[in-house]
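J.: First the structure, which I've put down as structure tokens, then a few questions once you've had a look.
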There are 2 protein chains.
Amino acid sequence: MSTPPTELIAVAWDGDAVTYLDQRRLPHEVRHERARTVEEIEAAIKTLAVRGAPAIGVFGAYGVALLRDAIADDEHFALAARRVRDARPTAVNLAWAVDRVLAAEDMLAEAQAIHREQISMDKAMSEAGLALIPKNARILTHCNTGPIATAGGGTALGVIVAAQRAGKKPHVFVDETRPLLQGARLTYFELRQAGVDATLQVDGAAAIAMQRKQIDLVIVGADRIARNGDTANKIGTYGLAVLAAHHGIPFYVAAPRSTFDFSMRSGDEIHIEERAPEEVTAFGGTPVAPPDAKVYNPAFDVTPGHLVTAFVTEYGVIEPPYPETIPSLELRPRFGVLT
Amino acid sequence: MSTPPTELIAVAWDGDAVTYLDQRRLPHEVRHERARTVEEIEAAIKTLAVRGAPAIGVFGAYGVALLRDAIADDEHFALAARRVRDARPTAVNLAWAVDRVLAAEDMLAEAQAIHREQISMDKAMSEAGLALIPKNARILTHCNTGPIATAGGGTALGVIVAAQRAGKKPHVFVDETRPLLQGARLTYFELRQAGVDATLQVDGAAAIAMQRKQIDLVIVGADRIARNGDTANKIGTYGLAVLAAHHGIPFYVAAPRSTFDFSMRSGDEIHIEERAPEEVTAFGGTPVAPPDAKVYNPAFDVTPGHLVTAFVTEYGVIEPPYPETIPSLELRPRFGVLT
């Protein structure tokens with residue numbers, strides 16, 4: 001995979017700090033920040049300045065390696081690492097990457113390995129997904145799954161960009177993805193950077209788009225996938241999967257092996273994070289509802305595995321029956337695609 | 001029906017102008033404006049300062065009566081009336097109300113009759129719908145269908161408020177309704193005014209709410225209904241109907257006889273208005289996507305009749321098979337409930 005343009009590099013190690021693209025400022029401002037303390041690292045994750053499960057994993061890995069150098073006292077360091085690990089409860093990559101770094105002799109080298117593996121993995125995933133994308137495909141996607149979400153080439157968006165590079169000329173309908181508008185702010189921006197033809201729409205327009213705009217497929221990313229294929233992803237994903245099934249449209253989930261949580265038998269075990277009401281009662285700083293309104297603001301929903309046509313992973317496309325095919329993925333190395 | 005609080009009066013005749021509640025300013029500011037010229041009347045409709053199909057009908061009726069007094073020249077007046085009639089192409093009530101006023105001897109008396117009939121009709125509708133609402137019902141709704149949308153007691157929200165007054169203690173999940181946020185700005189506000197317990201959510205959270213929040217029913221309004229039950233309503237409605245069917249939840253549409261367009265055999269004939277891209281790319285003056293983004297922004301979608309469990313009208317509840325039951329509604333007087 002060619003390196004993404006500088007402005008799309010989500011996370012990097014600069015020698016004595018973790019730098020990150022502040023995704024909250026996109027698409028208006030492309031600004032990189034540096035995190036050096038546990039407070040800065042935790043805040044960057046909690047405020048969604050860094051977001052996307054794989055990017056959070058890479059960021060957390062560098063963060064813990066950095067803190068190991070900065071904090072001599074073992075007990076203090078353990079507490080700091082725990083704060084980083086717990087900053088986002090739903091993203092499985094974060095806890096996993098932090099644990100992996102903690103178990104390593106050379107923590108910085110381990111964090112860098114995680115980052116390199118991420119890039120390699122995304123490339124393998126996008127190549128595996130290519131076969132699912134017809135020429136001139138009309139694709140619907142939700143939330144953000146591109147380079148800035150993974151610190152690599154992206155998951156669902158990586159597949160789309162690979163299709164574009166292969167000359168398939170996809171056209172992408174991008175859900176704006178309320179409440180945080182990752183589709184409008186990030187995905188549309190990334191698609192444009194990659195030269196992919198795209199149309200933005202409100203989330204509520206997905207059904208009519210499927211009915212009237214000849215959508216060929218839906219492809220999204222994931223935050224956590226259980227053994228039976230139940231998939232936690234950005235709020236709105238489950239509704240899209242139901243709509244896709246209703247319209248006979250394939251619904252694909254692109255996610256690496258590391259997003260599969262083999263310890264979970266079904267999505268019933270996935271904890272759904274509820275976020276602050278202000279994300280819904282205000283819009284870009286402008287209040288749109290009474291500030292004391294009662295709000296239901298789940299960050300994720302869980303799509304039952306039976307609504308997922310196939311998973312795209314770095315080990316190829318995985319099809320039903322998931323209770324049989326997903327556990328076989330567990331036997332493959334977590335980052336086996338690295339050469 | 002008791003009169004709604006003054007601040008919820010959408011449209012009124014004040015002796016020499018049509019006054020209206022500027023719905024774009026809600027819920028932050030309750031401000032009434034006066035329209036006296038064709039430009040002011042047309043702008044109030046086009047900018048959605050006055051919205052909701054029945055409220056637009058009442059507003060247009062008063063507007064045309066006002067213009068008849070103001071414009072002596074018959075040809076000029078006819079052109080002005082046409083501008084009012086065409087200000088919103090999807091709302092069937094507007095053209096119908098304007099035509100009715102134009103055919104009357106005393107245009108102002110006719111506009112006032114339309115307004116009184118609207119209030120009476122909403123009351124009959126909410127009483128008919130009451131039987132569909134169980135005690136402690138958990139209800140999901142979309143867009144705005146209350147007093148300020150109808151200039152009466154409301155359609156779907158009228159039913160909910162009637163249930164509250166009957167001691168049924170409904171709890172309402174309110175979709176924010178992008179792009180114009182009528183749910184967040186108007187419906188939540190109206191429910192609070194009426195003392196109804198309500199929770200606000202993004203449109204993308206409707207699926208998980210149906211899955212996990214024990215929703216008993218969905219009830220929405222309509223802008224136009226064809227003979228077979230195909231229903232044009234705010235963008236996002238069709239998706240909700242598919243989701244409700246998937247979860248085995250009844251999906252009701254509350255609308256008066258005047259919203260049924262008996263000349264249309266199916267929803268295929270309904271024109272879908274596409275609105276400005278800025279509604280999606282910016283919010284409250286704050287850009288959220290590149291200003292030149294390509295946008296798909298249909299104002300409405302069409303829900304196939306087979307997904308509608310029943311219609312609530314001022315003549316009672318109408319059930320399938322719609323190609324038989326809806327045409328029988330045509331035989332009833334357009335405003336037959338008036339005493």
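Identifiers for the structure tokens are assigned positionally: chains receive A, B, ... in sequence, residues are indexed from 1 per chain, and ligands are indexed from 1 in the order shown.
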Can you check which residues of chain A have any atom within 7 Å of chain B? Use only C-alpha atoms and format it as a PyMOL selection string.

T.: chain A and resi 27+178-179+184-185+198-205+207-208+235-236+238-239+242-243+280+284+286+288-289+294-297+301

J.: I want to know what sits within 10 Å of Val98 of chain A, based on only C-alpha atoms, with residues of the same chain fewer than 2 positions away left out; could you give that as number ranges by chain?

T.: A: 57-65, 81-82, 84-86, 93-96, 100-103, 107, 111

J.: Residues of segment 99-200 of chain B classed as strand (DSSP E) by DSSP on the backbone are to be reported as an MDAnalysis selection string.

T.: chainID B and resid 138:141 171:175 197:200

J.: Could you name the residues that touch Arg332 of chain B at 12 Å or less, counting only C-alpha atoms, but leaving out those on the same chain fewer than 2 positions away, as a list in words?

T.: Pro256, Arg257, Ser258, Phe260, Thr313, Glu314, Tyr315, Gly316, Thr325, Ile326, Pro327, Ser328, Leu329, Glu330, Arg334, Phe335, Gly336 and Val337 of chain B

J.: Just write the chosen residues, N, CA and C atoms, as an mmCIF file, in the first residue's frame.

T.:
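Ended up saving to selection.cif:
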```cif
data_model
loop_
_atom_site.group_PDB
_atom_site.id
_atom_site.type_symbol
_atom_site.label_atom_id
_atom_site.label_comp_id
_atom_site.auth_asym_id
_atom_site.auth_seq_id
_atom_site.Cartn_x
_atom_site.Cartn_y
_atom_site.Cartn_z
ATOM 1 N N PRO B 256 -55.510 13.168 8.650
ATOM 2 C CA PRO B 256 -56.925 13.378 8.326
ATOM 3 C C PRO B 256 -57.234 12.976 6.878
ATOM 4 N N ARG B 257 -58.521 12.863 6.592
ATOM 5 C CA ARG B 257 -58.965 12.535 5.234
ATOM 6 C C ARG B 257 -58.328 13.449 4.190
ATOM 7 N N SER B 258 -58.082 14.708 4.554
ATOM 8 C CA SER B 258 -57.554 15.664 3.574
ATOM 9 C C SER B 258 -56.122 15.338 3.150
ATOM 10 N N PHE B 260 -55.192 12.279 2.383
ATOM 11 C CA PHE B 260 -55.299 11.192 1.399
ATOM 12 C C PHE B 260 -55.521 11.803 0.020
ATOM 13 N N THR B 313 -57.635 8.273 11.460
ATOM 14 C CA THR B 313 -58.239 9.444 10.822
ATOM 15 C C THR B 313 -59.346 10.000 11.711
ATOM 16 N N GLU B 314 -59.897 11.138 11.303
ATOM 17 C CA GLU B 314 -61.013 11.716 12.056
ATOM 18 C C GLU B 314 -62.277 10.866 11.921
ATOM 19 N N TYR B 315 -62.256 9.879 10.996
ATOM 20 C CA TYR B 315 -63.388 8.963 10.834
ATOM 21 C C TYR B 315 -63.115 7.610 11.469
ATOM 22 N N GLY B 316 -62.080 7.537 12.274
ATOM 23 C CA GLY B 316 -61.767 6.273 12.931
ATOM 24 C C GLY B 316 -60.516 5.628 12.368
ATOM 25 N N THR B 325 -60.265 -0.274 1.753
ATOM 26 C CA THR B 325 -60.749 0.567 2.857
ATOM 27 C C THR B 325 -60.484 2.053 2.614
ATOM 28 N N ILE B 326 -59.367 2.402 1.969
ATOM 29 C CA ILE B 326 -59.074 3.826 1.761
ATOM 30 C C ILE B 326 -60.064 4.465 0.787
ATOM 31 N N PRO B 327 -60.382 3.819 -0.356
ATOM 32 C CA PRO B 327 -61.376 4.457 -1.239
ATOM 33 C C PRO B 327 -62.726 4.698 -0.563
ATOM 34 N N SER B 328 -63.088 3.858 0.415
ATOM 35 C CA SER B 328 -64.381 4.096 1.085
ATOM 36 C C SER B 328 -64.340 5.382 1.919
ATOM 37 N N LEU B 329 -63.119 5.773 2.324
ATOM 38 C CA LEU B 329 -62.958 7.037 3.058
ATOM 39 C C LEU B 329 -63.299 8.231 2.169
ATOM 40 N N GLU B 330 -63.096 8.050 0.864
ATOM 41 C CA GLU B 330 -63.347 9.148 -0.072
ATOM 42 C C GLU B 330 -64.818 9.556 -0.064
ATOM 43 N N ARG B 334 -65.144 15.778 3.394
ATOM 44 C CA ARG B 334 -63.776 16.156 3.700
ATOM 45 C C ARG B 334 -63.642 16.683 5.124
ATOM 46 N N PHE B 335 -64.637 17.379 5.591
ATOM 47 C CA PHE B 335 -64.609 17.866 6.967
ATOM 48 C C PHE B 335 -65.904 17.517 7.680
ATOM 49 N N GLY B 336 -66.330 16.277 7.533
ATOM 50 C CA GLY B 336 -67.635 15.837 8.016
ATOM 51 C C GLY B 336 -67.784 15.846 9.526
ATOM 52 N N VAL B 337 -66.670 15.923 10.257
ATOM 53 C CA VAL B 337 -66.786 15.837 11.710
ATOM 54 C C VAL B 337 -67.217 17.152 12.339
#
```

J.: Report as an MDAnalysis selection string: the residues of segment 49-186 of chain A with a DSSP assignment of helix (DSSP H, G or I), based on the backbone of this structure.

T.: chainID A and resid 53:70 74:85 92:102 107:132 147:150 156:165 182:186

J.: Could you tell me how far atom CA of Ile45 of chain A sits from atom CA of Glu117 of chain A, in Å to one decimal place?

T.: 21.0 Å

J.: Give me the residues near Arg165 of chain B as a list in words, where near means some atom within 12 Å (using only C-alpha atoms) and where sequence neighbours in that chain fewer than 2 positions away do not count.

T.: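 Within the cut-off, the hits are Met1, Ser2, Ser126, Glu127, Leu130, Lys135, Gly158, Val159, Ile160, Val161, Ala162, Ala163, Gly167, Lys168, Lys169, Pro170, Ala194, Gly195 and Val196 of chain B.
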
J.: Could those residues be written to a file, using N, CA, C and O atoms, as an mmCIF file, in the first residue's frame?

T.:
```cif
data_model
loop_
_atom_site.group_PDB
_atom_site.id
_atom_site.type_symbol
_atom_site.label_atom_id
_atom_site.label_comp_id
_atom_site.auth_asym_id
_atom_site.auth_seq_id
_atom_site.Cartn_x
_atom_site.Cartn_y
_atom_site.Cartn_z
ATOM 1 N N MET B 1 -61.713 19.844 22.723
ATOM 2 C CA MET B 1 -60.289 19.961 23.019
ATOM 3 C C MET B 1 -60.019 21.312 23.658
ATOM 4 O O MET B 1 -60.519 22.324 23.202
ATOM 5 N N SER B 2 -59.212 21.286 24.693
ATOM 6 C CA SER B 2 -58.842 22.575 25.270
ATOM 7 C C SER B 2 -57.890 23.294 24.313
ATOM 8 O O SER B 2 -57.157 22.677 23.553
ATOM 9 N N SER B 126 -57.562 12.327 17.399
ATOM 10 C CA SER B 126 -56.874 11.886 18.615
ATOM 11 C C SER B 126 -57.774 10.973 19.442
ATOM 12 O O SER B 126 -57.296 10.033 20.069
ATOM 13 N N GLU B 127 -59.072 11.195 19.386
ATOM 14 C CA GLU B 127 -59.993 10.311 20.110
ATOM 15 C C GLU B 127 -60.055 8.932 19.459
ATOM 16 O O GLU B 127 -60.098 7.911 20.145
ATOM 17 N N LEU B 130 -56.894 6.844 20.377
ATOM 18 C CA LEU B 130 -56.706 6.520 21.796
ATOM 19 C C LEU B 130 -56.739 5.008 22.058
ATOM 20 O O LEU B 130 -55.948 4.492 22.864
ATOM 21 N N LYS B 135 -51.864 1.322 28.111
ATOM 22 C CA LYS B 135 -51.414 2.043 29.298
ATOM 23 C C LYS B 135 -49.892 1.906 29.410
ATOM 24 O O LYS B 135 -49.327 0.867 29.104
ATOM 25 N N GLY B 158 -51.087 14.547 18.596
ATOM 26 C CA GLY B 158 -52.421 14.732 19.172
ATOM 27 C C GLY B 158 -52.907 13.458 19.850
ATOM 28 O O GLY B 158 -53.489 13.497 20.946
ATOM 29 N N VAL B 159 -52.661 12.323 19.204
ATOM 30 C CA VAL B 159 -53.042 11.030 19.781
ATOM 31 C C VAL B 159 -52.278 10.798 21.084
ATOM 32 O O VAL B 159 -52.844 10.372 22.095
ATOM 33 N N ILE B 160 -50.980 11.099 21.064
ATOM 34 C CA ILE B 160 -50.145 10.884 22.255
ATOM 35 C C ILE B 160 -50.603 11.784 23.406
ATOM 36 O O ILE B 160 -50.720 11.342 24.556
ATOM 37 N N VAL B 161 -50.876 13.034 23.101
ATOM 38 C CA VAL B 161 -51.310 13.971 24.145
ATOM 39 C C VAL B 161 -52.681 13.550 24.686
ATOM 40 O O VAL B 161 -52.936 13.628 25.898
ATOM 41 N N ALA B 162 -53.549 13.057 23.809
ATOM 42 C CA ALA B 162 -54.856 12.553 24.277
ATOM 43 C C ALA B 162 -54.661 11.374 25.231
ATOM 44 O O ALA B 162 -55.356 11.261 26.250
ATOM 45 N N ALA B 163 -53.672 10.509 24.911
ATOM 46 C CA ALA B 163 -53.386 9.365 25.793
ATOM 47 C C ALA B 163 -52.893 9.846 27.156
ATOM 48 O O ALA B 163 -53.262 9.301 28.199
ATOM 49 N N GLY B 167 -54.795 9.621 31.113
ATOM 50 C CA GLY B 167 -54.131 8.954 32.233
ATOM 51 C C GLY B 167 -53.315 7.732 31.839
ATOM 52 O O GLY B 167 -52.951 6.920 32.691
ATOM 53 N N LYS B 168 -52.989 7.587 30.540
ATOM 54 C CA LYS B 168 -52.262 6.388 30.092
ATOM 55 C C LYS B 168 -50.750 6.490 30.270
ATOM 56 O O LYS B 168 -50.026 5.529 30.024
ATOM 57 N N LYS B 169 -50.267 7.658 30.646
ATOM 58 C CA LYS B 169 -48.842 7.858 30.918
ATOM 59 C C LYS B 169 -47.903 7.278 29.846
ATOM 60 O O LYS B 169 -47.058 6.422 30.144
ATOM 61 N N PRO B 170 -48.015 7.730 28.622
ATOM 62 C CA PRO B 170 -47.092 7.238 27.594
ATOM 63 C C PRO B 170 -45.675 7.761 27.831
ATOM 64 O O PRO B 170 -45.495 8.813 28.460
ATOM 65 N N ALA B 194 -46.863 19.575 27.172
ATOM 66 C CA ALA B 194 -48.062 18.778 27.458
ATOM 67 C C ALA B 194 -47.861 17.843 28.654
ATOM 68 O O ALA B 194 -48.753 17.069 28.990
ATOM 69 N N GLY B 195 -46.672 17.897 29.270
ATOM 70 C CA GLY B 195 -46.410 17.063 30.445
ATOM 71 C C GLY B 195 -46.162 15.598 30.130
ATOM 72 O O GLY B 195 -46.280 14.738 30.998
ATOM 73 N N VAL B 196 -45.803 15.287 28.881
ATOM 74 C CA VAL B 196 -45.556 13.897 28.491
ATOM 75 C C VAL B 196 -44.072 13.575 28.683
ATOM 76 O O VAL B 196 -43.204 14.339 28.262
#
```
